[in-house]
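Reading through the structure tokens given below for one structure.
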Amino acid sequence: MNNDKQTGFYSKEDLRNILRLYLTQYSTWMRFYIVSLAAAINDQEVIENRLLEIPIDIAGIFRIYYGDQTAAQIEDLLRGHIRLTMDLVKATITGDSNSFNHSAPNGWIIPKPCLQSWHLLIISGMRISLKICLVIFYP
């Protein structure tokens, strides 16, 4: 990644590529997490730790452009999203929706059918994305 020496900002291409890299890492590590839980491989702690490093990396990019406060908010939102996703995956694989209900925001009650649970996850992801946009564009 070529960081512009005078401004400290990434070029448009580099910024797009580094964000793509982090989102690809998120997808890859989340897939590892799902496989690990489903196959009972018992390496979830390592994968969880790696997944929770991604918000730090992404916040570092936003810190360059929007400062520490916005970067911290984005990191918290992404970390919450990842934790919520991990909890939902774990609850879906184990069939224990009660464990997820304790970490679900706004007192959601997660229905038993998996399709409805995944639908709620998508809605949650959209809410988190909206919060991120609001933090970025309306600090």
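In the structure tokens, each chain is lettered A, B, ... as it comes, each chain's residues begin at 1, and ligands are numbered from 1 in order of appearance.
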
Write out as a list in words each polymer residue whose atoms come within 10 Å of stretch 23-31 of chain A, counting only C-alpha atoms; drop sequence neighbours fewer than 3 positions from it. Asn17, Ile18, Leu19, Arg20, Ile34, Val35, Ser36, Leu37, Ile47, Glu48, Arg50, Leu51, Leu52, Glu53, Ile54, Pro55, Ile58, Ile82, Thr85, Met86 and Val89 of chain A

Mind writing the picked residues with N, CA and C atoms as a PDB file, in the first residue's frame?
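Result file is again-v1.pdb:
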ATOM      1  N   ASN A  17      -8.424  -1.179  -2.094  1.00  0.00           N
ATOM      2  CA  ASN A  17      -7.789  -2.486  -1.973  1.00  0.00           C
ATOM      3  C   ASN A  17      -7.585  -2.905  -0.518  1.00  0.00           C
ATOM      4  N   ILE A  18      -7.202  -1.977   0.339  1.00  0.00           N
ATOM      5  CA  ILE A  18      -6.982  -2.355   1.738  1.00  0.00           C
ATOM      6  C   ILE A  18      -8.311  -2.671   2.432  1.00  0.00           C
ATOM      7  N   LEU A  19      -9.361  -1.905   2.121  1.00  0.00           N
ATOM      8  CA  LEU A  19     -10.677  -2.221   2.697  1.00  0.00           C
ATOM      9  C   LEU A  19     -11.183  -3.560   2.162  1.00  0.00           C
ATOM     10  N   ARG A  20     -10.951  -3.816   0.894  1.00  0.00           N
ATOM     11  CA  ARG A  20     -11.332  -5.109   0.310  1.00  0.00           C
ATOM     12  C   ARG A  20     -10.571  -6.243   1.001  1.00  0.00           C
ATOM     13  N   ILE A  34     -17.265 -20.852  11.379  1.00  0.00           N
ATOM     14  CA  ILE A  34     -18.440 -21.709  11.158  1.00  0.00           C
ATOM     15  C   ILE A  34     -18.009 -23.159  10.991  1.00  0.00           C
ATOM     16  N   VAL A  35     -16.996 -23.402  10.186  1.00  0.00           N
ATOM     17  CA  VAL A  35     -16.509 -24.772   9.962  1.00  0.00           C
ATOM     18  C   VAL A  35     -15.976 -25.356  11.264  1.00  0.00           C
ATOM     19  N   SER A  36     -15.231 -24.558  12.009  1.00  0.00           N
ATOM     20  CA  SER A  36     -14.663 -25.026  13.264  1.00  0.00           C
ATOM     21  C   SER A  36     -15.746 -25.441  14.250  1.00  0.00           C
ATOM     22  N   LEU A  37     -16.798 -24.623  14.366  1.00  0.00           N
ATOM     23  CA  LEU A  37     -17.897 -24.982  15.270  1.00  0.00           C
ATOM     24  C   LEU A  37     -18.648 -26.219  14.779  1.00  0.00           C
ATOM     25  N   ILE A  47      -9.560 -18.391  16.350  1.00  0.00           N
ATOM     26  CA  ILE A  47     -10.304 -17.754  15.260  1.00  0.00           C
ATOM     27  C   ILE A  47     -11.050 -16.523  15.774  1.00  0.00           C
ATOM     28  N   GLU A  48     -11.668 -16.632  16.945  1.00  0.00           N
ATOM     29  CA  GLU A  48     -12.366 -15.481  17.525  1.00  0.00           C
ATOM     30  C   GLU A  48     -11.395 -14.313  17.733  1.00  0.00           C
ATOM     31  N   ARG A  50      -8.658 -13.669  16.106  1.00  0.00           N
ATOM     32  CA  ARG A  50      -8.298 -13.088  14.806  1.00  0.00           C
ATOM     33  C   ARG A  50      -9.450 -12.254  14.250  1.00  0.00           C
ATOM     34  N   LEU A  51     -10.677 -12.752  14.388  1.00  0.00           N
ATOM     35  CA  LEU A  51     -11.831 -11.981  13.920  1.00  0.00           C
ATOM     36  C   LEU A  51     -11.932 -10.634  14.636  1.00  0.00           C
ATOM     37  N   LEU A  52     -11.626 -10.622  15.919  1.00  0.00           N
ATOM     38  CA  LEU A  52     -11.748  -9.390  16.693  1.00  0.00           C
ATOM     39  C   LEU A  52     -10.586  -8.420  16.481  1.00  0.00           C
ATOM     40  N   GLU A  53      -9.572  -8.826  15.711  1.00  0.00           N
ATOM     41  CA  GLU A  53      -8.507  -7.903  15.319  1.00  0.00           C
ATOM     42  C   GLU A  53      -8.917  -7.077  14.102  1.00  0.00           C
ATOM     43  N   ILE A  54      -9.848  -7.574  13.316  1.00  0.00           N
ATOM     44  CA  ILE A  54     -10.244  -6.889  12.081  1.00  0.00           C
ATOM     45  C   ILE A  54     -10.823  -5.498  12.357  1.00  0.00           C
ATOM     46  N   PRO A  55     -11.690  -5.319  13.363  1.00  0.00           N
ATOM     47  CA  PRO A  55     -12.171  -3.962  13.644  1.00  0.00           C
ATOM     48  C   PRO A  55     -11.044  -2.985  13.994  1.00  0.00           C
ATOM     49  N   ILE A  58      -9.480  -1.968  10.621  1.00  0.00           N
ATOM     50  CA  ILE A  58     -10.352  -1.062   9.864  1.00  0.00           C
ATOM     51  C   ILE A  58     -10.422   0.301  10.542  1.00  0.00           C
ATOM     52  N   ILE A  82     -19.389  -8.321  14.953  1.00  0.00           N
ATOM     53  CA  ILE A  82     -18.692  -9.615  14.879  1.00  0.00           C
ATOM     54  C   ILE A  82     -19.093 -10.494  16.053  1.00  0.00           C
ATOM     55  N   THR A  85     -22.561 -11.802  15.431  1.00  0.00           N
ATOM     56  CA  THR A  85     -22.538 -12.830  14.391  1.00  0.00           C
ATOM     57  C   THR A  85     -21.997 -14.144  14.945  1.00  0.00           C
ATOM     58  N   MET A  86     -20.922 -14.085  15.727  1.00  0.00           N
ATOM     59  CA  MET A  86     -20.369 -15.305  16.312  1.00  0.00           C
ATOM     60  C   MET A  86     -21.383 -15.965  17.243  1.00  0.00           C
ATOM     61  N   VAL A  89     -24.087 -17.633  15.099  1.00  0.00           N
ATOM     62  CA  VAL A  89     -23.581 -18.862  14.475  1.00  0.00           C
ATOM     63  C   VAL A  89     -23.534 -19.981  15.507  1.00  0.00           C
TER      64      VAL A  89
END

Among listed residues A:Val46, A:Ala38, A:Leu15, A:Ile56, nearest A:Leu77 (using only C-alpha atoms):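 Residue with the minimum atom-to-atom distance to A:Leu77: A:Ile56.
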
Kindly give the distance, in Å, that separates atom CA of A:Glu45 and atom CA of A:Asp76, rounded to a single decimal.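 Atom CA of A:Asp76 lies at a distance of 19.6 Å from atom CA of A:Glu45.
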
How far is it from atom CA of A:Leu21 to atom CA of A:Asp57, in Å with one decimal?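 Taking atom CA of A:Leu21 and atom CA of A:Asp57, their separation equals 10.5 Å.
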
Find the residue from A:Tyr33, A:Gln73, A:Asn42, A:Phe62 that sits nearest to A:Leu88; use only C-alpha atoms when measuring. A:Tyr33
